[in-house]
$ cat start-v2.pdb   # PDB, C-alpha atoms
MODEL        1
ATOM      1  CA  MET A 972      10.710 -18.274  11.646
ATOM      2  CA  LYS A 973       8.676 -15.205  12.583
ATOM      3  CA  LYS A 974       6.658 -13.409   9.930
ATOM      4  CA  TYR A 975       5.168  -9.921   9.840
ATOM      5  CA  LEU A 976       2.420  -8.321   7.774
ATOM      6  CA  ALA A 977       3.918  -5.155   6.293
ATOM      7  CA  VAL A 978       1.522  -2.581   4.822
ATOM      8  CA  ASP A 979       2.647   0.550   2.977
ATOM      9  CA  LEU A 980      -0.106   3.143   2.517
ATOM     10  CA  GLY A 981       0.254   5.428  -0.504
ATOM     11  CA  ARG A 982      -1.923   8.082  -2.107
ATOM     12  CA  THR A 983      -4.322   5.739  -3.902
ATOM     13  CA  HIS A 984      -3.232   2.210  -3.003
ATOM     14  CA  LEU A 985      -1.851   0.188  -0.165
ATOM     15  CA  LYS A 986       0.815  -2.406  -0.805
ATOM     16  CA  TYR A 987       1.228  -5.356   1.485
ATOM     17  CA  ALA A 988       3.563  -8.298   1.927
ATOM     18  CA  VAL A 989       4.440 -10.934   4.456
ATOM     19  CA  ILE A 990       8.070 -10.365   5.465
ATOM     20  CA  THR A 991      10.175 -12.765   7.468
ATOM     21  CA  GLU A 992      12.686 -11.838  10.143
ATOM     22  CA  GLU A 993      15.368 -12.578   7.514
ATOM     23  CA  LEU A 994      13.736  -9.963   5.199
ATOM     24  CA  ASP A 995      12.396 -12.496   2.727
ATOM     25  CA  VAL A 996       9.355 -11.001   0.978
ATOM     26  CA  LEU A 997       6.362 -13.299   0.582
ATOM     27  CA  ASN A 998       2.801 -12.971  -0.708
ATOM     28  CA  GLU A 999       2.917  -9.432  -2.091
ATOM     29  CA  GLY A1000      -0.305  -7.663  -3.065
ATOM     30  CA  LYS A1001      -1.955  -4.316  -3.685
ATOM     31  CA  LEU A1002      -5.370  -2.760  -2.977
ATOM     32  CA  ALA A1003      -6.968   0.478  -4.145
ATOM     33  CA  VAL A1004      -8.023   2.648  -1.192
ATOM     34  CA  PRO A1005      -9.978   5.911  -0.782
ATOM     35  CA  VAL A1006      -8.271   9.023   0.544
ATOM     36  CA  ASP A1007     -11.317  10.546   2.209
ATOM     37  CA  ASN A1008     -13.107   7.596   3.852
ATOM     38  CA  LYS A1009     -11.799   6.178   7.133
ATOM     39  CA  GLU A1010     -14.254   3.262   7.306
ATOM     40  CA  LYS A1011     -13.390   1.979   3.837
ATOM     41  CA  LEU A1012      -9.682   2.312   4.501
ATOM     42  CA  PHE A1013      -9.912   0.440   7.795
ATOM     43  CA  ASN A1014     -11.969  -2.227   6.041
ATOM     44  CA  ALA A1015      -9.128  -2.604   3.541
ATOM     45  CA  TYR A1016      -6.668  -3.067   6.400
ATOM     46  CA  LYS A1017      -8.940  -5.736   7.901
ATOM     47  CA  GLN A1018      -9.307  -7.469   4.555
ATOM     48  CA  VAL A1019      -5.537  -7.837   4.337
ATOM     49  CA  ALA A1020      -5.179  -8.798   8.003
ATOM     50  CA  ASP A1021      -7.776 -11.568   7.613
ATOM     51  CA  LEU A1022      -5.689 -13.150   4.847
ATOM     52  CA  TYR A1023      -2.797 -13.834   7.222
ATOM     53  CA  ARG A1024      -4.408 -14.026  10.644
ATOM     54  CA  GLY A1025      -2.611 -16.609  12.772
ATOM     55  CA  GLN A1026       0.367 -16.634  10.407
ATOM     56  CA  VAL A1027       2.000 -13.304  11.358
ATOM     57  CA  GLU A1028       3.069 -11.536  14.552
ATOM     58  CA  GLY A1029       1.134  -8.403  13.640
ATOM     59  CA  MET A1030       0.869  -5.500  11.192
ATOM     60  CA  ALA A1031       3.681  -3.022  10.486
ATOM     61  CA  LEU A1032       2.018  -0.025   8.820
ATOM     62  CA  THR A1033       3.855   2.836   7.116
ATOM     63  CA  MET A1034       1.907   5.904   6.050
ATOM     64  CA  PRO A1035       2.247   9.617   5.285
ATOM     65  CA  GLY A1036       1.939  12.148   8.078
ATOM     66  CA  VAL A1037       3.460  13.260  11.350
ATOM     67  CA  ILE A1038       3.513  10.146  13.514
ATOM     68  CA  ASP A1039       4.579   9.379  17.079
ATOM     69  CA  MET A1040       5.687   5.849  16.288
ATOM     70  CA  GLU A1041       6.413   4.990  19.917
ATOM     71  CA  LYS A1042       2.774   5.603  20.896
ATOM     72  CA  GLY A1043       1.112   4.958  17.541
ATOM     73  CA  PHE A1044      -0.334   8.475  17.594
ATOM     74  CA  ALA A1045      -0.953  10.332  14.312
ATOM     75  CA  TYR A1046      -0.861  14.114  14.427
ATOM     76  CA  SER A1047      -1.623  14.253  10.693
ATOM     77  CA  GLY A1048      -1.885  11.910   7.727
ATOM     78  CA  GLY A1049      -0.600  13.766   4.682
ATOM     79  CA  VAL A1050      -3.209  13.457   1.904
ATOM     80  CA  TYR A1051      -5.454  11.633   4.378
ATOM     81  CA  LEU A1052      -6.838  14.870   5.782
ATOM     82  CA  TRP A1053      -9.220  13.185   8.225
ATOM     83  CA  VAL A1054      -6.215  11.910  10.155
ATOM     84  CA  ARG A1055      -5.718  14.529  12.838
ATOM     85  CA  ASN A1056      -4.594  13.974  16.428
ATOM     86  CA  MET A1057      -5.816  10.396  16.685
ATOM     87  CA  SER A1058      -4.613   7.208  18.348
ATOM     88  CA  TYR A1059      -4.310   5.595  14.947
ATOM     89  CA  GLY A1060      -2.346   2.519  15.986
ATOM     90  CA  GLU A1061      -4.605   1.684  18.925
ATOM     91  CA  GLU A1062      -7.808   2.187  16.893
ATOM     92  CA  LEU A1063      -6.501   0.043  14.060
ATOM     93  CA  SER A1064      -5.265  -2.670  16.409
ATOM     94  CA  GLN A1065      -8.729  -2.955  17.970
ATOM     95  CA  TYR A1066     -10.399  -2.893  14.546
ATOM     96  CA  ILE A1067      -8.344  -5.733  13.066
ATOM     97  CA  SER A1068      -7.663  -7.609  16.337
ATOM     98  CA  MET A1069      -3.929  -7.673  15.736
ATOM     99  CA  LYS A1070      -0.840  -5.935  17.091
ATOM    100  CA  VAL A1071      -0.019  -2.810  15.058
ATOM    101  CA  ALA A1072       3.022  -0.579  14.726
ATOM    102  CA  ILE A1073       2.736   2.597  12.633
ATOM    103  CA  CYS A1074       5.459   4.830  11.241
ATOM    104  CA  ASN A1075       5.841   7.779   8.876
ATOM    105  CA  ASP A1076       6.760   6.372   5.469
ATOM    106  CA  ALA A1077       9.995   8.338   5.005
ATOM    107  CA  LYS A1078      11.132   7.561   8.535
ATOM    108  CA  ALA A1079      10.351   3.909   7.909
ATOM    109  CA  ALA A1080      12.728   3.986   4.945
ATOM    110  CA  ALA A1081      15.309   5.503   7.278
ATOM    111  CA  LEU A1082      14.720   2.774   9.852
ATOM    112  CA  ALA A1083      15.398   0.171   7.170
ATOM    113  CA  GLU A1084      18.704   1.865   6.419
ATOM    114  CA  ILE A1085      19.494   2.216  10.144
ATOM    115  CA  GLY A1086      18.652  -1.380  10.901
ATOM    116  CA  TYR A1087      19.945  -3.138   7.838
ATOM    117  CA  GLY A1088      21.416  -0.751   5.247
ATOM    118  CA  SER A1089      23.429   2.370   4.462
ATOM    119  CA  LEU A1090      22.893   4.064   7.843
ATOM    120  CA  LYS A1091      23.687   1.021   9.945
ATOM    121  CA  LYS A1092      26.236   1.903  12.666
ATOM    122  CA  VAL A1093      26.290   5.536  11.446
ATOM    123  CA  ARG A1094      26.223   7.839  14.448
ATOM    124  CA  ASN A1095      25.052  10.985  12.632
ATOM    125  CA  GLY A1096      23.435  10.835   9.217
ATOM    126  CA  VAL A1097      20.599  11.959   6.960
ATOM    127  CA  LEU A1098      18.254  10.201   4.583
ATOM    128  CA  LEU A1099      16.833  12.174   1.659
ATOM    129  CA  LEU A1100      14.181  10.573  -0.536
ATOM    130  CA  ILE A1101      13.663  12.397  -3.824
ATOM    131  CA  LEU A1102       9.968  11.819  -4.509
ATOM    132  CA  ASN A1103       7.584  12.764  -7.303
ATOM    133  CA  THR A1104       6.196  15.803  -5.517
ATOM    134  CA  GLY A1105       8.493  16.377  -2.574
ATOM    135  CA  ILE A1106      11.331  15.312  -0.320
ATOM    136  CA  GLY A1107      10.999  12.613   2.300
ATOM    137  CA  GLY A1108      13.618  12.668   4.983
ATOM    138  CA  ALA A1109      14.931  11.542   8.312
ATOM    139  CA  VAL A1110      17.791  12.452  10.629
ATOM    140  CA  VAL A1111      19.964  10.084  12.647
ATOM    141  CA  ALA A1112      21.521  11.699  15.721
ATOM    142  CA  ASP A1113      23.795   9.742  18.056
ATOM    143  CA  GLY A1114      22.698   6.531  16.374
ATOM    144  CA  GLN A1115      18.975   7.157  16.934
ATOM    145  CA  LEU A1116      16.237   8.397  14.656
ATOM    146  CA  LEU A1117      15.576  12.047  15.576
ATOM    147  CA  ASN A1118      11.868  12.711  16.084
ATOM    148  CA  GLY A1119      11.834  16.332  17.207
ATOM    149  CA  GLU A1120       9.404  17.951  19.640
ATOM    150  CA  ARG A1121       6.385  17.372  17.344
ATOM    151  CA  PHE A1122       7.754  14.302  15.518
ATOM    152  CA  ALA A1123       8.357  16.427  12.418
ATOM    153  CA  ALA A1124      12.177  16.315  12.322
ATOM    154  CA  GLY A1125      13.297  15.497   8.807
ATOM    155  CA  GLU A1126      10.372  17.205   7.059
ATOM    156  CA  PHE A1127      12.826  18.685   4.566
ATOM    157  CA  SER A1128      10.181  19.429   1.924
ATOM    158  CA  TYR A1129       9.338  22.750   3.567
ATOM    159  CA  MET A1130      12.851  24.198   3.652
ATOM    160  CA  ARG A1131      13.211  27.497   1.789
ATOM    161  CA  GLY A1132      16.122  28.457  -0.415
ATOM    162  CA  ASP A1133      15.674  32.169  -1.151
ATOM    163  CA  TYR A1134      15.343  34.501   1.824
ATOM    164  CA  LEU A1135      14.281  37.329  -0.521
ATOM    165  CA  ASP A1136      11.291  35.262  -1.698
ATOM    166  CA  ARG A1137      12.054  36.114  -5.329
ATOM    167  CA  GLU A1138      10.536  32.857  -6.553
ATOM    168  CA  ASN A1139       7.168  33.221  -4.802
ATOM    169  CA  LYS A1140       7.845  30.210  -2.560
ATOM    170  CA  GLN A1141       8.836  27.990  -5.502
ATOM    171  CA  ASP A1142      12.275  27.819  -3.906
ATOM    172  CA  MET A1143      10.860  25.409  -1.328
ATOM    173  CA  PHE A1144      12.848  22.155  -1.317
ATOM    174  CA  ALA A1145       9.765  20.134  -2.339
ATOM    175  CA  PHE A1146       9.314  22.280  -5.433
ATOM    176  CA  SER A1147      12.935  22.791  -6.434
ATOM    177  CA  SER A1148      14.194  19.227  -6.037
ATOM    178  CA  SER A1149      11.309  16.824  -6.610
ATOM    179  CA  ILE A1150      11.191  14.432  -9.550
ATOM    180  CA  ASP A1151       8.421  16.569 -11.056
ATOM    181  CA  ARG A1152      10.787  19.558 -10.966
ATOM    182  CA  LEU A1153      13.595  17.504 -12.491
ATOM    183  CA  CYS A1154      11.338  16.623 -15.425
ATOM    184  CA  LYS A1155      10.397  20.276 -15.948
ATOM    185  CA  ILE A1156      14.018  21.410 -15.940
ATOM    186  CA  VAL A1157      15.165  18.712 -18.354
ATOM    187  CA  SER A1158      12.218  19.491 -20.662
ATOM    188  CA  GLN A1159      13.468  23.066 -20.946
ATOM    189  CA  TYR A1160      16.776  21.743 -22.288
ATOM    190  CA  THR A1161      15.390  19.041 -24.573
ATOM    191  CA  GLY A1162      12.426  21.029 -25.864
ATOM    192  CA  ALA A1163      10.040  18.123 -25.302
ATOM    193  CA  PRO A1164       7.990  16.707 -22.414
ATOM    194  CA  THR A1165       9.807  14.030 -20.489
ATOM    195  CA  ASN A1166       9.560  11.677 -17.525
ATOM    196  CA  ILE A1167      11.968  10.048 -15.115
ATOM    197  CA  MET A1168      12.395   6.938 -17.280
ATOM    198  CA  LYS A1169      13.319   9.023 -20.334
ATOM    199  CA  ILE A1170      15.739  11.063 -18.243
ATOM    200  CA  MET A1171      17.440   7.926 -16.941
ATOM    201  CA  ALA A1172      17.707   6.588 -20.489
ATOM    202  CA  GLY A1173      19.088   9.912 -21.722
ATOM    203  CA  LEU A1174      21.731   9.955 -19.009
ATOM    204  CA  ALA A1175      22.760   6.388 -19.809
ATOM    205  CA  ALA A1176      23.018   7.294 -23.513
ATOM    206  CA  GLY A1177      25.038  10.450 -22.807
ATOM    207  CA  ASP A1178      22.446  12.901 -24.187
ATOM    208  CA  GLU A1179      24.040  16.332 -23.652
ATOM    209  CA  ASN A1180      20.742  18.191 -23.270
ATOM    210  CA  VAL A1181      19.545  15.759 -20.625
ATOM    211  CA  LYS A1182      22.890  15.995 -18.838
ATOM    212  CA  ALA A1183      22.700  19.807 -18.825
ATOM    213  CA  GLY A1184      19.219  19.763 -17.288
ATOM    214  CA  VAL A1185      20.248  17.189 -14.718
ATOM    215  CA  ARG A1186      23.287  19.294 -13.801
ATOM    216  CA  GLN A1187      21.065  22.324 -13.083
ATOM    217  CA  PHE A1188      18.755  20.173 -10.955
ATOM    218  CA  CYS A1189      21.670  18.667  -9.043
ATOM    219  CA  ASP A1190      23.161  22.103  -8.353
ATOM    220  CA  GLN A1191      19.880  23.138  -6.716
ATOM    221  CA  LEU A1192      19.785  19.893  -4.753
ATOM    222  CA  ALA A1193      23.376  20.441  -3.626
ATOM    223  CA  THR A1194      22.484  23.861  -2.197
ATOM    224  CA  HIS A1195      19.895  22.313   0.110
ATOM    225  CA  ILE A1196      22.265  19.501   1.070
ATOM    226  CA  TYR A1197      24.941  22.068   1.935
ATOM    227  CA  ASN A1198      22.448  23.907   4.163
ATOM    228  CA  ILE A1199      21.408  20.687   5.881
ATOM    229  CA  GLN A1200      25.034  19.852   6.519
ATOM    230  CA  CYS A1201      25.640  23.269   8.089
ATOM    231  CA  VAL A1202      23.049  22.398  10.741
ATOM    232  CA  LEU A1203      23.587  18.679  11.264
ATOM    233  CA  ASP A1204      27.281  18.006  10.539
ATOM    234  CA  SER A1205      26.449  14.527   9.256
ATOM    235  CA  GLN A1206      28.914  11.750   8.639
ATOM    236  CA  ARG A1207      26.842  10.380   5.759
ATOM    237  CA  ILE A1208      23.904  11.524   3.646
ATOM    238  CA  VAL A1209      21.985   8.735   1.964
ATOM    239  CA  ILE A1210      19.897   9.521  -1.104
ATOM    240  CA  GLY A1211      16.984   7.431  -2.328
ATOM    241  CA  GLY A1212      14.107   7.510  -4.778
ATOM    242  CA  ASN A1213      13.848   6.470  -8.409
ATOM    243  CA  ILE A1214      16.682   8.768  -9.416
ATOM    244  CA  THR A1215      19.224   6.523  -7.696
ATOM    245  CA  ASP A1216      18.432   3.667 -10.085
ATOM    246  CA  GLU A1217      20.729   5.264 -12.670
ATOM    247  CA  PRO A1218      24.438   5.407 -11.691
ATOM    248  CA  GLY A1219      24.886   8.510 -13.843
ATOM    249  CA  MET A1220      22.464  10.423 -11.640
ATOM    250  CA  MET A1221      24.344   9.605  -8.460
ATOM    251  CA  GLU A1222      27.560  10.654 -10.194
ATOM    252  CA  GLN A1223      25.994  14.002 -11.121
ATOM    253  CA  ILE A1224      24.729  14.495  -7.563
ATOM    254  CA  ARG A1225      28.184  13.815  -6.091
ATOM    255  CA  GLU A1226      29.827  16.179  -8.590
ATOM    256  CA  ALA A1227      27.320  18.940  -7.755
ATOM    257  CA  ILE A1228      27.954  18.506  -4.035
ATOM    258  CA  ASP A1229      31.708  18.639  -4.645
ATOM    259  CA  ARG A1230      31.261  21.903  -6.543
ATOM    260  CA  LYS A1231      29.079  23.380  -3.818
ATOM    261  CA  PHE A1232      31.490  22.555  -0.994
ATOM    262  CA  ASP A1233      34.610  23.442  -2.996
ATOM    263  CA  ASP A1234      33.115  26.829  -3.913
ATOM    264  CA  ALA A1235      32.109  27.723  -0.343
ATOM    265  CA  LEU A1236      33.272  31.103   0.915
ATOM    266  CA  TYR A1237      34.612  29.523   4.097
ATOM    267  CA  HIS A1238      35.777  25.938   4.116
ATOM    268  CA  ASN A1239      34.680  25.166   7.651
ATOM    269  CA  ILE A1240      31.852  22.746   6.847
ATOM    270  CA  TYR A1241      32.737  19.062   6.622
ATOM    271  CA  LYS A1242      31.630  17.476   3.338
ATOM    272  CA  PRO A1243      29.622  14.333   4.142
ATOM    273  CA  GLU A1244      29.952  10.996   2.439
ATOM    274  CA  ILE A1245      27.202  10.581  -0.163
ATOM    275  CA  ARG A1246      25.675   7.153  -0.664
ATOM    276  CA  GLU A1247      22.585   5.741  -2.267
ATOM    277  CA  VAL A1248      20.077   3.720  -0.292
ATOM    278  CA  THR A1249      20.570  -0.011   0.158
ATOM    279  CA  PHE A1250      16.862  -0.708  -0.204
ATOM    280  CA  HIS A1251      14.531   0.543  -2.891
ATOM    281  CA  ASN A1252      11.032  -0.867  -3.511
ATOM    282  CA  ASN A1253      10.502  -2.513  -0.126
ATOM    283  CA  SER A1254      12.459  -0.110   2.067
ATOM    284  CA  ARG A1255       9.444   1.274   3.929
ATOM    285  CA  MET A1256       8.121  -2.199   4.617
ATOM    286  CA  PHE A1257      11.497  -3.329   5.952
ATOM    287  CA  GLY A1258      11.594  -0.261   8.187
ATOM    288  CA  GLY A1259       8.097  -0.976   9.440
ATOM    289  CA  VAL A1260       9.140  -4.505  10.375
ATOM    290  CA  TYR A1261      12.235  -3.135  12.119
ATOM    291  CA  LEU A1262      10.006  -0.820  14.180
ATOM    292  CA  PHE A1263       7.497  -3.570  14.976
ATOM    293  CA  ARG A1264      10.240  -5.863  16.265
ATOM    294  CA  ARG A1265      11.762  -3.066  18.324
ATOM    295  CA  LEU A1266       8.427  -2.127  19.900
ATOM    296  CA  TYR A1267       7.006  -5.567  20.583
ATOM    297  CA  GLU A1268       9.969  -7.923  20.791
ATOM    298  CA  GLU A1269      12.889  -5.922  22.172
ATOM    299  CA  SER A1270      10.694  -3.998  24.631
ATOM    300  CA  GLY A1271       8.797  -7.113  25.701
ATOM    301  CA  LYS A1272       5.320  -5.647  25.066
TER     302      LYS A1272
ENDMDL
END

$ encode --input "start-v2.pdb" --output "C-alpha cells"
Amino acid sequence: MKKYLAVDLGRTHLKYAVITEELDVLNEGKLAVPVDNKEKLFNAYKQVADLYRGQVEGMALTMPGVIDMEKGFAYSGGVYLWVRNMSYGEELSQYISMKVAICNDAKAAALAEIGYGSLKKVRNGVLLLILNTGIGGAVVADGQLLNGERFAAGEFSYMRGDYLDRENKQDMFAFSSSIDRLCKIVSQYTGAPTNIMKIMAGLAAGDENVKAGVRQFCDQLATHIYNIQCVLDSQRIVIGGNITDEPGMMEQIREAIDRKFDDALYHNIYKPEIREVTFHNNSRMFGGVYLFRRLYEESGK
C-alpha cells in the first residue's frame, strides 16, 4: 500500500503525518517553525522527510498563500512574508531530495472534500472555512477547483459588505465572520469574555444570551453567503472550521441563510444546499495527498 508524507504548515508549527492511499493516518507529529527564516523552515521540512525516507512516495505540503499547485509556484506565503514569486515546490524538492506537491491550505481542504467528501461529484460548489482570523475558501466550477487568473479564486476574506464604508473596512468578510469576531459579538451579549469552546457549550446548554450573539453572527455570515451565491449559483456550500463541531451552530447558520433568502427583494437566486465538511482535523493533509496523487500518479510524472 502506498504511503505519503503529508505536511501542514501553520503560523507557528508544522504538523505532519504518514497517510496511506486508504486515508489511514499514521505517525503523526508536530514541530515548531519560524515565520521569518527560510533556512530553518526548510531544515524542519528535511528533518521530517529524513524520518520517512524510503517509506513514502513523497511530500504533500499545504501552506498559506497564493499557490499555483500545478507548477508548485508560490506567489505569496501568507504570514511567511519572504515567500514571494518563488518556485517553492522545486526548491523544496531539491532540498529534501523527494517529490513534493504544494497547495494552498484552504484549497487543500477543498480538494479533500472534492476527492473524498462533501463536494465529491458536485459540479458547482463552494467551501467556506470559518477560521480564527479570517475565511478560507475555494470554488468548484464544472467539477474542477477554480484557480482564477492569479490563483486567488476563493480568497473570500477580502470581500466587502458595506459599499458606503461606514464601518471603516471592518465589514470585510475576514473581520465580520471570523471566529474572533464571533467571540466578540457573543461577549457583548453575555457581558463576559468568551472563546469558541464556551460558545459551543453555551449553545448546547441553550444559553439565550449565547444564542442571541450567535444569531447576529450568523445573519452577517448569511449576507456574505447570499452575495457569493449571486455570483456563483452553487449547488452546495460546504462550511468548515471549529464552529461546525456543534450541531446547534450549523442549525443557526441554516436558519440565518433561510431568513436571508426568504427576505430577498427578488426571489430569483437559488438557495444552495448547506452542508458541513466531511473532514475536520486532517482535511488539509487529505487534500494534499489527493493533489500529490493527481500530479504524480494520474499524470504519470

$ resolve_selection --input "start-v2.pdb" --expression "the PyMOL selection byres ((chain A and resi 1124-1141) around 6)" --output "list in words"
Gly1105, Ile1106, Gly1108, Ala1109, Val1110, Asn1118, Gly1119, Phe1122, Ala1123, Asp1142, Met1143, Phe1144, Ala1145 and Phe1146 of chain A

$ write_last_selection --input "start-v2.pdb" --atoms "C-alpha atoms" --output "mmCIF file, in the coordinates of the input"
data_model
loop_
_atom_site.group_PDB
_atom_site.id
_atom_site.type_symbol
_atom_site.label_atom_id
_atom_site.label_comp_id
_atom_site.auth_asym_id
_atom_site.auth_seq_id
_atom_site.Cartn_x
_atom_site.Cartn_y
_atom_site.Cartn_z
ATOM 1 C CA GLY A 1105 8.493 16.377 -2.574
ATOM 2 C CA ILE A 1106 11.331 15.312 -0.320
ATOM 3 C CA GLY A 1108 13.618 12.668 4.983
ATOM 4 C CA ALA A 1109 14.931 11.542 8.312
ATOM 5 C CA VAL A 1110 17.791 12.452 10.629
ATOM 6 C CA ASN A 1118 11.868 12.711 16.084
ATOM 7 C CA GLY A 1119 11.834 16.332 17.207
ATOM 8 C CA PHE A 1122 7.754 14.302 15.518
ATOM 9 C CA ALA A 1123 8.357 16.427 12.418
ATOM 10 C CA ASP A 1142 12.275 27.819 -3.906
ATOM 11 C CA MET A 1143 10.860 25.409 -1.328
ATOM 12 C CA PHE A 1144 12.848 22.155 -1.317
ATOM 13 C CA ALA A 1145 9.765 20.134 -2.339
ATOM 14 C CA PHE A 1146 9.314 22.280 -5.433
#

$ residues_around --input "start-v2.pdb" --residues "A:Val1260" --least-positions-apart "5" --cutoff "7 Å" --atoms "all atoms listed in the file" --output "number ranges by chain"
A: 975, 977, 1031

$ resolve_selection --input "start-v2.pdb" --expression "the PyMOL selection byres ((chain A and resi 1036-1044) around 9)" --output "ChimeraX atom specification"
/A:1034-1035,1045-1051,1054,1056-1061,1071-1076,1118,1121-1123,1262,1266

$ atom_distance --input "start-v2.pdb" --atom1 "atom CA of A:Tyr1197" --atom2 "atom CA of A:Lys1231"
7.2 Å

$ closest_residue --input "start-v2.pdb" --among "A:Ile1214, A:Ala1175, A:Val1097, A:Val978" --to "A:Phe1188" --atoms "all atoms listed in the file"
A:Ile1214

$ residues_around --input "start-v2.pdb" --residues "A:Leu976" --least-positions-apart "4" --cutoff "12 Å" --atoms "only C-alpha atoms" --output "PyMOL selection string"
chain A and resi 986-992+994-1000+1016-1017+1019-1033+1069-1073+1256-1257+1259-1261+1263-1264

$ closest_residue --input "start-v2.pdb" --among "A:Met972, A:Leu985, A:Ala1080, A:Ala1235" --to "A:Asn1252" --atoms "all atoms listed in the file"
A:Ala1080

$ atom_distance --input "start-v2.pdb" --atom1 "atom CA of A:Cys1154" --atom2 "atom CA of A:Ile1208"
23.4 Å

$ closest_residue --input "start-v2.pdb" --among "A:Val1093, A:Gly1212, A:Ser1068, A:Pro1164" --to "A:Ser1254" --atoms "all atoms listed in the file"
A:Gly1212

$ atom_distance --input "start-v2.pdb" --atom1 "atom CA of A:Arg1207" --atom2 "atom CA of A:Glu1244"
4.6 Å

$ decode --input "start-v2.pdb" --residues "stretch 1130-1145 of chain A" --atoms "N, CA, C and O atoms" --output "short mmCIF file (atom, residue, chain, number, x, y, z; two decimals), in the first residue's frame"
data_model
loop_
_atom_site.label_atom_id
_atom_site.label_comp_id
_atom_site.auth_asym_id
_atom_site.auth_seq_id
_atom_site.Cartn_x
_atom_site.Cartn_y
_atom_site.Cartn_z
N MET A 1130 -13.63 40.08 0.79
CA MET A 1130 -14.91 40.62 0.32
C MET A 1130 -15.40 41.70 1.27
O MET A 1130 -15.23 41.61 2.48
N ARG A 1131 -16.03 42.73 0.70
CA ARG A 1131 -16.56 43.84 1.50
C ARG A 1131 -18.07 43.73 1.57
O ARG A 1131 -18.72 43.20 0.67
N GLY A 1132 -18.64 44.25 2.64
CA GLY A 1132 -20.08 44.13 2.83
C GLY A 1132 -20.83 45.44 2.83
O GLY A 1132 -22.06 45.45 2.74
N ASP A 1133 -20.13 46.57 2.94
CA ASP A 1133 -20.80 47.87 3.03
C ASP A 1133 -20.18 48.82 2.01
O ASP A 1133 -19.08 49.33 2.21
N TYR A 1134 -20.90 49.07 0.93
CA TYR A 1134 -20.34 49.89 -0.14
C TYR A 1134 -20.17 51.35 0.30
O TYR A 1134 -19.43 52.11 -0.32
N LEU A 1135 -20.82 51.76 1.38
CA LEU A 1135 -20.66 53.12 1.89
C LEU A 1135 -19.47 53.25 2.83
O LEU A 1135 -19.15 54.35 3.28
N ASP A 1136 -18.82 52.14 3.14
CA ASP A 1136 -17.64 52.13 4.00
C ASP A 1136 -17.92 52.74 5.37
O ASP A 1136 -17.08 53.41 5.97
N ARG A 1137 -19.12 52.50 5.90
CA ARG A 1137 -19.49 53.07 7.20
C ARG A 1137 -18.75 52.42 8.36
O ARG A 1137 -18.68 52.97 9.44
N GLU A 1138 -18.20 51.24 8.13
CA GLU A 1138 -17.54 50.52 9.23
C GLU A 1138 -16.02 50.57 9.13
O GLU A 1138 -15.33 49.78 9.77
N ASN A 1139 -15.50 51.49 8.32
CA ASN A 1139 -14.05 51.67 8.21
C ASN A 1139 -13.35 50.36 7.90
O ASN A 1139 -12.38 49.97 8.53
N LYS A 1140 -13.89 49.65 6.91
CA LYS A 1140 -13.35 48.39 6.40
C LYS A 1140 -13.52 47.21 7.34
O LYS A 1140 -13.08 46.09 7.05
N GLN A 1141 -14.18 47.40 8.48
CA GLN A 1141 -14.44 46.27 9.38
C GLN A 1141 -15.56 45.38 8.86
O GLN A 1141 -15.89 44.36 9.45
N ASP A 1142 -16.18 45.79 7.75
CA ASP A 1142 -17.21 44.97 7.13
C ASP A 1142 -16.59 43.87 6.26
O ASP A 1142 -17.31 43.04 5.71
N MET A 1143 -15.27 43.85 6.14
CA MET A 1143 -14.62 42.83 5.34
C MET A 1143 -14.96 41.45 5.92
O MET A 1143 -15.05 41.27 7.13
N PHE A 1144 -15.18 40.49 5.04
CA PHE A 1144 -15.63 39.15 5.43
C PHE A 1144 -14.75 38.57 6.54
O PHE A 1144 -15.23 37.96 7.50
N ALA A 1145 -13.43 38.75 6.42
CA ALA A 1145 -12.50 38.22 7.41
C ALA A 1145 -12.75 38.78 8.80
O ALA A 1145 -12.58 38.10 9.81
#
